[in-house]
Structure formats: C-alpha cells, structure tokens
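Novice: Enclosed is the structure file my_file01.txt (compact mmCIF, N, CA and C atoms).
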```txt
# COMPACT_ATOMS: atom_id res chain seq x y z
N GLN A 185 -20.02 -4.40 -6.99
CA GLN A 185 -20.56 -3.97 -5.70
C GLN A 185 -19.75 -4.63 -4.58
N VAL A 186 -19.28 -3.81 -3.65
CA VAL A 186 -18.49 -4.31 -2.55
C VAL A 186 -19.38 -5.00 -1.52
N GLN A 187 -18.99 -6.19 -1.12
CA GLN A 187 -19.71 -6.91 -0.07
C GLN A 187 -18.71 -7.45 0.94
N LEU A 188 -19.09 -7.37 2.21
CA LEU A 188 -18.31 -7.95 3.28
C LEU A 188 -19.14 -9.05 3.93
N VAL A 189 -18.54 -10.21 4.09
CA VAL A 189 -19.26 -11.34 4.67
C VAL A 189 -18.45 -11.90 5.83
N GLU A 190 -19.07 -11.91 7.01
CA GLU A 190 -18.42 -12.46 8.19
C GLU A 190 -18.75 -13.93 8.34
N SER A 191 -17.86 -14.66 8.98
CA SER A 191 -18.11 -16.06 9.30
C SER A 191 -17.29 -16.40 10.54
N GLY A 192 -17.62 -17.54 11.13
CA GLY A 192 -16.85 -18.02 12.27
C GLY A 192 -17.52 -17.84 13.62
N GLY A 193 -18.67 -17.19 13.63
CA GLY A 193 -19.38 -17.03 14.89
C GLY A 193 -19.98 -18.34 15.36
N GLY A 194 -20.50 -18.33 16.57
CA GLY A 194 -21.14 -19.52 17.09
C GLY A 194 -21.28 -19.45 18.59
N VAL A 195 -21.54 -20.59 19.18
CA VAL A 195 -21.69 -20.69 20.63
C VAL A 195 -20.44 -21.35 21.19
N VAL A 196 -19.87 -20.73 22.20
CA VAL A 196 -18.65 -21.25 22.80
C VAL A 196 -18.74 -21.07 24.31
N GLN A 197 -18.12 -21.94 25.04
CA GLN A 197 -18.12 -21.82 26.49
C GLN A 197 -17.11 -20.76 26.93
N ALA A 198 -17.37 -20.18 28.07
CA ALA A 198 -16.45 -19.21 28.63
C ALA A 198 -15.05 -19.83 28.75
N GLY A 199 -14.07 -19.05 28.38
CA GLY A 199 -12.70 -19.54 28.37
C GLY A 199 -12.26 -20.09 27.03
N GLY A 200 -13.21 -20.27 26.14
CA GLY A 200 -12.90 -20.81 24.83
C GLY A 200 -12.42 -19.76 23.85
N SER A 201 -12.25 -20.19 22.60
CA SER A 201 -11.71 -19.32 21.56
C SER A 201 -12.57 -19.40 20.31
N LEU A 202 -12.50 -18.33 19.53
CA LEU A 202 -13.15 -18.28 18.23
C LEU A 202 -12.28 -17.49 17.28
N ARG A 203 -12.37 -17.82 16.00
CA ARG A 203 -11.69 -17.03 14.98
C ARG A 203 -12.74 -16.56 13.98
N LEU A 204 -12.93 -15.27 13.94
CA LEU A 204 -13.87 -14.68 12.99
C LEU A 204 -13.13 -14.30 11.72
N SER A 205 -13.82 -14.46 10.61
CA SER A 205 -13.26 -14.08 9.31
C SER A 205 -14.19 -13.10 8.62
N CYS A 206 -13.60 -12.22 7.85
CA CYS A 206 -14.36 -11.28 7.02
C CYS A 206 -13.79 -11.35 5.61
N GLU A 207 -14.64 -11.69 4.67
CA GLU A 207 -14.21 -11.79 3.28
C GLU A 207 -14.86 -10.67 2.48
N ALA A 208 -14.05 -9.95 1.75
CA ALA A 208 -14.55 -8.87 0.91
C ALA A 208 -14.60 -9.33 -0.54
N SER A 209 -15.69 -9.03 -1.21
CA SER A 209 -15.81 -9.34 -2.63
C SER A 209 -16.17 -8.08 -3.38
N GLY A 210 -15.97 -8.12 -4.70
CA GLY A 210 -16.25 -6.94 -5.52
C GLY A 210 -15.27 -5.82 -5.27
N VAL A 211 -14.08 -6.18 -4.81
CA VAL A 211 -13.08 -5.18 -4.44
C VAL A 211 -11.93 -5.19 -5.42
N PHE A 212 -11.57 -4.01 -5.91
CA PHE A 212 -10.44 -3.88 -6.83
C PHE A 212 -9.44 -2.88 -6.29
N PHE A 213 -9.42 -2.76 -4.98
CA PHE A 213 -8.50 -1.86 -4.31
C PHE A 213 -8.20 -2.43 -2.94
N THR A 214 -7.27 -1.80 -2.22
CA THR A 214 -6.96 -2.23 -0.86
C THR A 214 -7.61 -1.26 0.12
N PHE A 215 -8.40 -1.79 1.00
CA PHE A 215 -9.05 -0.94 1.99
C PHE A 215 -8.02 -0.20 2.84
N ASN A 216 -8.39 0.94 3.36
CA ASN A 216 -7.56 1.64 4.33
C ASN A 216 -7.72 0.93 5.67
N THR A 217 -8.41 1.52 6.60
CA THR A 217 -8.61 0.88 7.90
C THR A 217 -9.76 -0.13 7.83
N MET A 218 -9.55 -1.29 8.40
CA MET A 218 -10.59 -2.29 8.56
C MET A 218 -10.76 -2.54 10.05
N GLY A 219 -11.96 -2.95 10.42
CA GLY A 219 -12.17 -3.17 11.85
C GLY A 219 -13.29 -4.14 12.15
N TRP A 220 -13.27 -4.58 13.37
CA TRP A 220 -14.35 -5.41 13.91
C TRP A 220 -15.10 -4.59 14.95
N TYR A 221 -16.40 -4.59 14.84
CA TYR A 221 -17.29 -3.95 15.81
C TYR A 221 -18.21 -5.03 16.36
N ARG A 222 -18.81 -4.72 17.50
CA ARG A 222 -19.80 -5.64 18.05
C ARG A 222 -20.93 -4.86 18.69
N GLN A 223 -22.09 -5.51 18.71
CA GLN A 223 -23.26 -4.90 19.32
C GLN A 223 -24.00 -5.95 20.13
N ALA A 224 -24.06 -5.71 21.42
CA ALA A 224 -24.81 -6.58 22.31
C ALA A 224 -26.24 -6.07 22.43
N PRO A 225 -27.16 -6.93 22.80
CA PRO A 225 -28.56 -6.50 22.92
C PRO A 225 -28.70 -5.30 23.87
N GLY A 226 -29.40 -4.28 23.41
CA GLY A 226 -29.63 -3.11 24.23
C GLY A 226 -28.46 -2.17 24.37
N LYS A 227 -27.38 -2.45 23.64
CA LYS A 227 -26.18 -1.61 23.74
C LYS A 227 -25.83 -1.04 22.38
N GLN A 228 -25.00 0.01 22.41
CA GLN A 228 -24.55 0.60 21.17
C GLN A 228 -23.45 -0.24 20.55
N ARG A 229 -23.32 -0.11 19.24
CA ARG A 229 -22.24 -0.79 18.54
C ARG A 229 -20.92 -0.18 18.98
N GLU A 230 -19.93 -1.04 19.24
CA GLU A 230 -18.65 -0.55 19.73
C GLU A 230 -17.51 -1.18 18.94
N LEU A 231 -16.42 -0.44 18.87
CA LEU A 231 -15.23 -0.94 18.20
C LEU A 231 -14.57 -2.00 19.07
N VAL A 232 -14.21 -3.10 18.44
CA VAL A 232 -13.47 -4.16 19.13
C VAL A 232 -11.98 -4.03 18.79
N ALA A 233 -11.68 -3.94 17.51
CA ALA A 233 -10.29 -3.85 17.07
C ALA A 233 -10.27 -3.29 15.66
N ALA A 234 -9.17 -2.63 15.32
CA ALA A 234 -9.01 -2.07 14.00
C ALA A 234 -7.58 -2.29 13.53
N ILE A 235 -7.42 -2.31 12.20
CA ILE A 235 -6.09 -2.51 11.63
C ILE A 235 -5.98 -1.66 10.37
N THR A 236 -4.87 -0.96 10.25
CA THR A 236 -4.66 -0.12 9.07
C THR A 236 -4.12 -0.95 7.91
N ARG A 237 -4.05 -0.33 6.77
CA ARG A 237 -3.52 -1.00 5.59
C ARG A 237 -2.11 -1.50 5.86
N GLY A 238 -1.35 -0.75 6.63
CA GLY A 238 0.03 -1.12 6.92
C GLY A 238 0.20 -2.08 8.07
N GLY A 239 -0.91 -2.41 8.74
CA GLY A 239 -0.82 -3.40 9.81
C GLY A 239 -0.81 -2.84 11.23
N THR A 240 -0.94 -1.54 11.38
CA THR A 240 -1.03 -0.98 12.73
C THR A 240 -2.37 -1.34 13.35
N THR A 241 -2.34 -1.82 14.58
CA THR A 241 -3.56 -2.30 15.21
C THR A 241 -3.96 -1.44 16.41
N ASN A 242 -5.23 -1.53 16.72
CA ASN A 242 -5.80 -0.81 17.86
C ASN A 242 -6.89 -1.69 18.45
N TYR A 243 -6.91 -1.80 19.79
CA TYR A 243 -7.87 -2.67 20.44
C TYR A 243 -8.65 -1.93 21.52
N ALA A 244 -9.90 -2.34 21.67
CA ALA A 244 -10.66 -1.85 22.81
C ALA A 244 -10.04 -2.43 24.09
N ASP A 245 -10.10 -1.65 25.16
CA ASP A 245 -9.52 -2.13 26.42
C ASP A 245 -10.10 -3.47 26.85
N SER A 246 -11.36 -3.69 26.52
CA SER A 246 -12.04 -4.91 26.96
C SER A 246 -11.50 -6.18 26.31
N VAL A 247 -10.79 -6.04 25.20
CA VAL A 247 -10.28 -7.23 24.52
C VAL A 247 -8.75 -7.26 24.43
N LYS A 248 -8.10 -6.23 24.93
CA LYS A 248 -6.63 -6.22 24.90
C LYS A 248 -6.08 -7.44 25.61
N GLY A 249 -5.14 -8.10 24.95
CA GLY A 249 -4.55 -9.30 25.51
C GLY A 249 -5.32 -10.57 25.21
N ARG A 250 -6.54 -10.43 24.70
CA ARG A 250 -7.35 -11.61 24.37
C ARG A 250 -7.68 -11.68 22.89
N GLY A 251 -7.58 -10.58 22.21
CA GLY A 251 -7.93 -10.54 20.80
C GLY A 251 -6.75 -10.19 19.92
N THR A 252 -6.75 -10.76 18.71
CA THR A 252 -5.72 -10.44 17.73
C THR A 252 -6.39 -10.22 16.39
N ILE A 253 -6.23 -9.03 15.85
CA ILE A 253 -6.78 -8.72 14.54
C ILE A 253 -5.68 -8.84 13.51
N SER A 254 -6.03 -9.34 12.34
CA SER A 254 -5.06 -9.46 11.26
C SER A 254 -5.79 -9.33 9.93
N ARG A 255 -5.04 -9.12 8.88
CA ARG A 255 -5.64 -9.01 7.55
C ARG A 255 -4.67 -9.54 6.52
N ASP A 256 -5.24 -9.97 5.42
CA ASP A 256 -4.48 -10.43 4.27
C ASP A 256 -4.95 -9.59 3.09
N ASN A 257 -4.20 -8.56 2.77
CA ASN A 257 -4.63 -7.65 1.72
C ASN A 257 -4.74 -8.33 0.35
N ALA A 258 -3.88 -9.28 0.11
CA ALA A 258 -3.89 -9.96 -1.19
C ALA A 258 -5.18 -10.77 -1.38
N LYS A 259 -5.71 -11.26 -0.28
CA LYS A 259 -6.93 -12.08 -0.33
C LYS A 259 -8.17 -11.30 0.06
N ASN A 260 -8.00 -10.02 0.41
CA ASN A 260 -9.14 -9.21 0.88
C ASN A 260 -9.84 -9.88 2.04
N MET A 261 -9.05 -10.34 2.99
CA MET A 261 -9.58 -11.01 4.15
C MET A 261 -9.12 -10.30 5.42
N MET A 262 -9.96 -10.38 6.45
CA MET A 262 -9.59 -9.88 7.76
C MET A 262 -10.04 -10.91 8.78
N TYR A 263 -9.31 -10.99 9.89
CA TYR A 263 -9.59 -12.00 10.89
C TYR A 263 -9.58 -11.37 12.30
N LEU A 264 -10.29 -12.04 13.19
CA LEU A 264 -10.22 -11.68 14.60
C LEU A 264 -10.15 -12.97 15.40
N GLN A 265 -9.02 -13.19 16.03
CA GLN A 265 -8.85 -14.32 16.93
C GLN A 265 -9.19 -13.85 18.34
N MET A 266 -10.15 -14.49 18.95
CA MET A 266 -10.55 -14.12 20.31
C MET A 266 -10.33 -15.31 21.22
N ASN A 267 -9.57 -15.10 22.28
CA ASN A 267 -9.28 -16.14 23.26
C ASN A 267 -9.86 -15.75 24.62
N SER A 268 -9.88 -16.71 25.50
CA SER A 268 -10.38 -16.47 26.86
C SER A 268 -11.71 -15.73 26.84
N LEU A 269 -12.61 -16.22 26.03
CA LEU A 269 -13.89 -15.54 25.85
C LEU A 269 -14.69 -15.49 27.15
N LYS A 270 -15.42 -14.39 27.30
CA LYS A 270 -16.24 -14.16 28.48
C LYS A 270 -17.69 -14.00 28.06
N PRO A 271 -18.63 -14.26 28.96
CA PRO A 271 -20.03 -14.05 28.61
C PRO A 271 -20.30 -12.63 28.10
N GLU A 272 -19.58 -11.66 28.60
CA GLU A 272 -19.80 -10.28 28.15
C GLU A 272 -19.29 -10.03 26.74
N ASP A 273 -18.63 -11.00 26.14
CA ASP A 273 -18.24 -10.89 24.73
C ASP A 273 -19.40 -11.25 23.81
N THR A 274 -20.48 -11.74 24.36
CA THR A 274 -21.64 -12.11 23.56
C THR A 274 -22.19 -10.90 22.83
N ALA A 275 -22.30 -11.02 21.52
CA ALA A 275 -22.74 -9.90 20.69
C ALA A 275 -22.78 -10.35 19.23
N VAL A 276 -23.35 -9.50 18.40
CA VAL A 276 -23.20 -9.66 16.96
C VAL A 276 -21.93 -8.90 16.56
N TYR A 277 -21.06 -9.58 15.86
CA TYR A 277 -19.79 -8.99 15.45
C TYR A 277 -19.87 -8.60 13.97
N TYR A 278 -19.49 -7.37 13.70
CA TYR A 278 -19.58 -6.82 12.36
C TYR A 278 -18.19 -6.48 11.83
N CYS A 279 -18.03 -6.73 10.55
CA CYS A 279 -16.82 -6.35 9.82
C CYS A 279 -17.06 -4.97 9.20
N ASN A 280 -16.05 -4.13 9.27
CA ASN A 280 -16.15 -2.79 8.70
C ASN A 280 -14.88 -2.50 7.90
N ALA A 281 -15.06 -1.80 6.80
CA ALA A 281 -13.90 -1.43 5.98
C ALA A 281 -14.10 -0.04 5.40
N ASP A 282 -13.02 0.68 5.31
CA ASP A 282 -13.08 2.06 4.82
C ASP A 282 -12.13 2.24 3.65
N PHE A 283 -12.62 2.99 2.65
CA PHE A 283 -11.77 3.34 1.53
C PHE A 283 -12.04 4.80 1.20
N TYR A 284 -11.20 5.67 1.74
CA TYR A 284 -11.28 7.11 1.48
C TYR A 284 -12.70 7.65 1.69
N GLY A 285 -13.27 7.32 2.83
CA GLY A 285 -14.57 7.84 3.19
C GLY A 285 -15.73 6.98 2.79
N ASN A 286 -15.50 6.04 1.92
CA ASN A 286 -16.55 5.05 1.61
C ASN A 286 -16.46 3.94 2.64
N ASN A 287 -17.54 3.79 3.38
CA ASN A 287 -17.56 2.88 4.52
C ASN A 287 -18.46 1.70 4.23
N TYR A 288 -17.99 0.51 4.50
CA TYR A 288 -18.72 -0.71 4.20
C TYR A 288 -18.89 -1.56 5.46
N TRP A 289 -20.05 -2.23 5.54
CA TRP A 289 -20.36 -3.09 6.68
C TRP A 289 -20.80 -4.46 6.20
N GLY A 290 -20.45 -5.47 6.99
CA GLY A 290 -20.99 -6.80 6.75
C GLY A 290 -22.33 -6.94 7.47
N GLN A 291 -22.93 -8.12 7.33
CA GLN A 291 -24.25 -8.34 7.91
C GLN A 291 -24.17 -8.80 9.36
N GLY A 292 -22.98 -9.18 9.80
CA GLY A 292 -22.78 -9.58 11.19
C GLY A 292 -22.81 -11.08 11.39
N THR A 293 -22.11 -11.50 12.43
CA THR A 293 -22.12 -12.91 12.82
C THR A 293 -22.27 -12.97 14.35
N GLN A 294 -23.15 -13.84 14.80
CA GLN A 294 -23.45 -13.91 16.22
C GLN A 294 -22.40 -14.71 16.97
N VAL A 295 -21.92 -14.16 18.06
CA VAL A 295 -21.04 -14.86 18.98
C VAL A 295 -21.74 -14.93 20.33
N THR A 296 -21.92 -16.13 20.83
CA THR A 296 -22.56 -16.33 22.11
C THR A 296 -21.61 -17.11 23.02
N VAL A 297 -21.31 -16.53 24.16
CA VAL A 297 -20.41 -17.16 25.11
C VAL A 297 -21.22 -17.59 26.33
N SER A 298 -21.26 -18.88 26.56
CA SER A 298 -22.04 -19.40 27.68
C SER A 298 -21.16 -19.54 28.92
N SER A 299 -21.78 -19.28 30.06
CA SER A 299 -21.03 -19.35 31.32
C SER A 299 -21.10 -20.73 31.93
```
In structure tokens, what does this structure look like?

Specialist:
Amino acid sequence: QVQLVESGGGVVQAGGSLRLSCEASGVFFTFNTMGWYRQAPGKQRELVAAITRGGTTNYADSVKGRGTISRDNAKNMMYLQMNSLKPEDTAVYYCNADFYGNNYWGQGTQVTVSS
C-alpha cells in the first residue's frame, strides 16, 4: 500500500525558512508528477509547486523565487525548501504524487508563520 508522509512543518517567524520532506513507502515504481499543495483555513487547497519525473518544475506565483521543489527518485523522496516565509504561507502542506492516474496524498504537515 502506497503511503506518503510529510515532515518538517512547524512554527517559524516571518522571514525564516523551512524544508518540508515527503517520504513515499510501499512504492515499487517511480511517480510521474509529484507536488506540494497547501490549504489555509477557510480556503481551497492550492498547488504550491510541482515536479515531473524528469525534474521539470512549476511554481505558484505566490512562491516563485522563495520556494524550491526537488525530488530523489531513488529514495522516493520529495522536498520543498521555503525561504523568506510570510504569514500568508501559513497552511497545512500536503504531498501529492501521481502514477498514471492513480493519485496519492499525504496526511499533511502544519506550517505556521508568525509575524
């Protein structure tokens, strides 16, 4: 059974940095596109960044220049480095992975940015 587990969330002051990790288990293949999503209270879940199997990346305008997504296919790991964090980055961050239409989600990790 495929499971995605996020880690690295926490409370950080505005201007600080965090590195989120997503570890996949029960996987015997390489995911196609993987991504980070976030959901703030009262808001819809939104894409933060995505990365293809080959390493092509895509970022939401709100995090361009502040976020870096990466993955290690051999370790079934994905990362999101977030710098210059803002209070509006506060949300639950979710890991997502796709394999030919089979879509997987992690349970989420809370990121809180204090002003």

Novice: Have a look at atom CA of Val195 of chain A and atom CA of Ser254 of chain A and let me know their distance in Å, one decimal.

Specialist: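 A separation of 22.1 Å between them.
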
Novice: Just want the 5 Å neighbourhood of Trp220 of chain A, counted on all atoms listed in the file, with same-chain residues fewer than 6 positions away dropped. Output as a PDB file with N, CA and C atoms, keeping the file's coordinate frame.

Specialist:
```
ATOM      1  N   LEU A 231     -16.420  -0.440  18.870  1.00  0.00           N
ATOM      2  CA  LEU A 231     -15.230  -0.940  18.200  1.00  0.00           C
ATOM      3  C   LEU A 231     -14.570  -2.000  19.070  1.00  0.00           C
ATOM      4  N   VAL A 232     -14.210  -3.100  18.440  1.00  0.00           N
ATOM      5  CA  VAL A 232     -13.470  -4.160  19.130  1.00  0.00           C
ATOM      6  C   VAL A 232     -11.980  -4.030  18.790  1.00  0.00           C
ATOM      7  N   ALA A 233     -11.680  -3.940  17.510  1.00  0.00           N
ATOM      8  CA  ALA A 233     -10.290  -3.850  17.070  1.00  0.00           C
ATOM      9  C   ALA A 233     -10.270  -3.290  15.660  1.00  0.00           C
ATOM     10  N   ALA A 234      -9.170  -2.630  15.320  1.00  0.00           N
ATOM     11  CA  ALA A 234      -9.010  -2.070  14.000  1.00  0.00           C
ATOM     12  C   ALA A 234      -7.580  -2.290  13.530  1.00  0.00           C
ATOM     13  N   TYR A 278     -19.490  -7.370  13.700  1.00  0.00           N
ATOM     14  CA  TYR A 278     -19.580  -6.820  12.360  1.00  0.00           C
ATOM     15  C   TYR A 278     -18.190  -6.480  11.830  1.00  0.00           C
ATOM     16  N   CYS A 279     -18.030  -6.730  10.550  1.00  0.00           N
ATOM     17  CA  CYS A 279     -16.820  -6.350   9.820  1.00  0.00           C
ATOM     18  C   CYS A 279     -17.060  -4.970   9.200  1.00  0.00           C
ATOM     19  N   ASN A 280     -16.050  -4.130   9.270  1.00  0.00           N
ATOM     20  CA  ASN A 280     -16.150  -2.790   8.700  1.00  0.00           C
ATOM     21  C   ASN A 280     -14.880  -2.500   7.900  1.00  0.00           C
TER      22      ASN A 280
END
```

Novice: I'd like the neighbourhood of Ala244 of chain A as a ChimeraX atom specification, where a residue qualifies if any of its atoms comes within 12 Å (using only C-alpha atoms), though same-chain residues fewer than 3 positions away should be ignored.

Specialist: /A:219-222,230-234,241,247-253,273

Novice: Between A:Gly292, A:Gly210, A:Pro225, A:Gly199, which one has atoms that come closest to Tyr277 of chain A, using only N, CA and C atoms?

Specialist: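 Of all the options, A:Gly292 lies closest to Tyr277 of chain A.
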
Novice: Skip Cys206 of chain A itself and residues of its chain fewer than 4 positions away, then list as a tab-separated table (two decimals) with N, CA and C atoms, in the coordinates of the input all residues within 6 Å of it, counting all atoms listed in the file.

Specialist:
```
chain	number	residue	atom	x	y	z
A	189	VAL	N	-18.54	-10.21	4.09
A	189	VAL	CA	-19.26	-11.34	4.67
A	189	VAL	C	-18.45	-11.90	5.83
A	190	GLU	N	-19.07	-11.91	7.01
A	190	GLU	CA	-18.42	-12.46	8.19
A	190	GLU	C	-18.75	-13.93	8.34
A	191	SER	N	-17.86	-14.66	8.98
A	191	SER	CA	-18.11	-16.06	9.30
A	191	SER	C	-17.29	-16.40	10.54
A	260	ASN	N	-8.00	-10.02	0.41
A	260	ASN	CA	-9.14	-9.21	0.88
A	260	ASN	C	-9.84	-9.88	2.04
A	261	MET	N	-9.05	-10.34	2.99
A	261	MET	CA	-9.58	-11.01	4.15
A	261	MET	C	-9.12	-10.30	5.42
A	262	MET	N	-9.96	-10.38	6.45
A	262	MET	CA	-9.59	-9.88	7.76
A	262	MET	C	-10.04	-10.91	8.78
A	263	TYR	N	-9.31	-10.99	9.89
A	263	TYR	CA	-9.59	-12.00	10.89
A	263	TYR	C	-9.58	-11.37	12.30
```
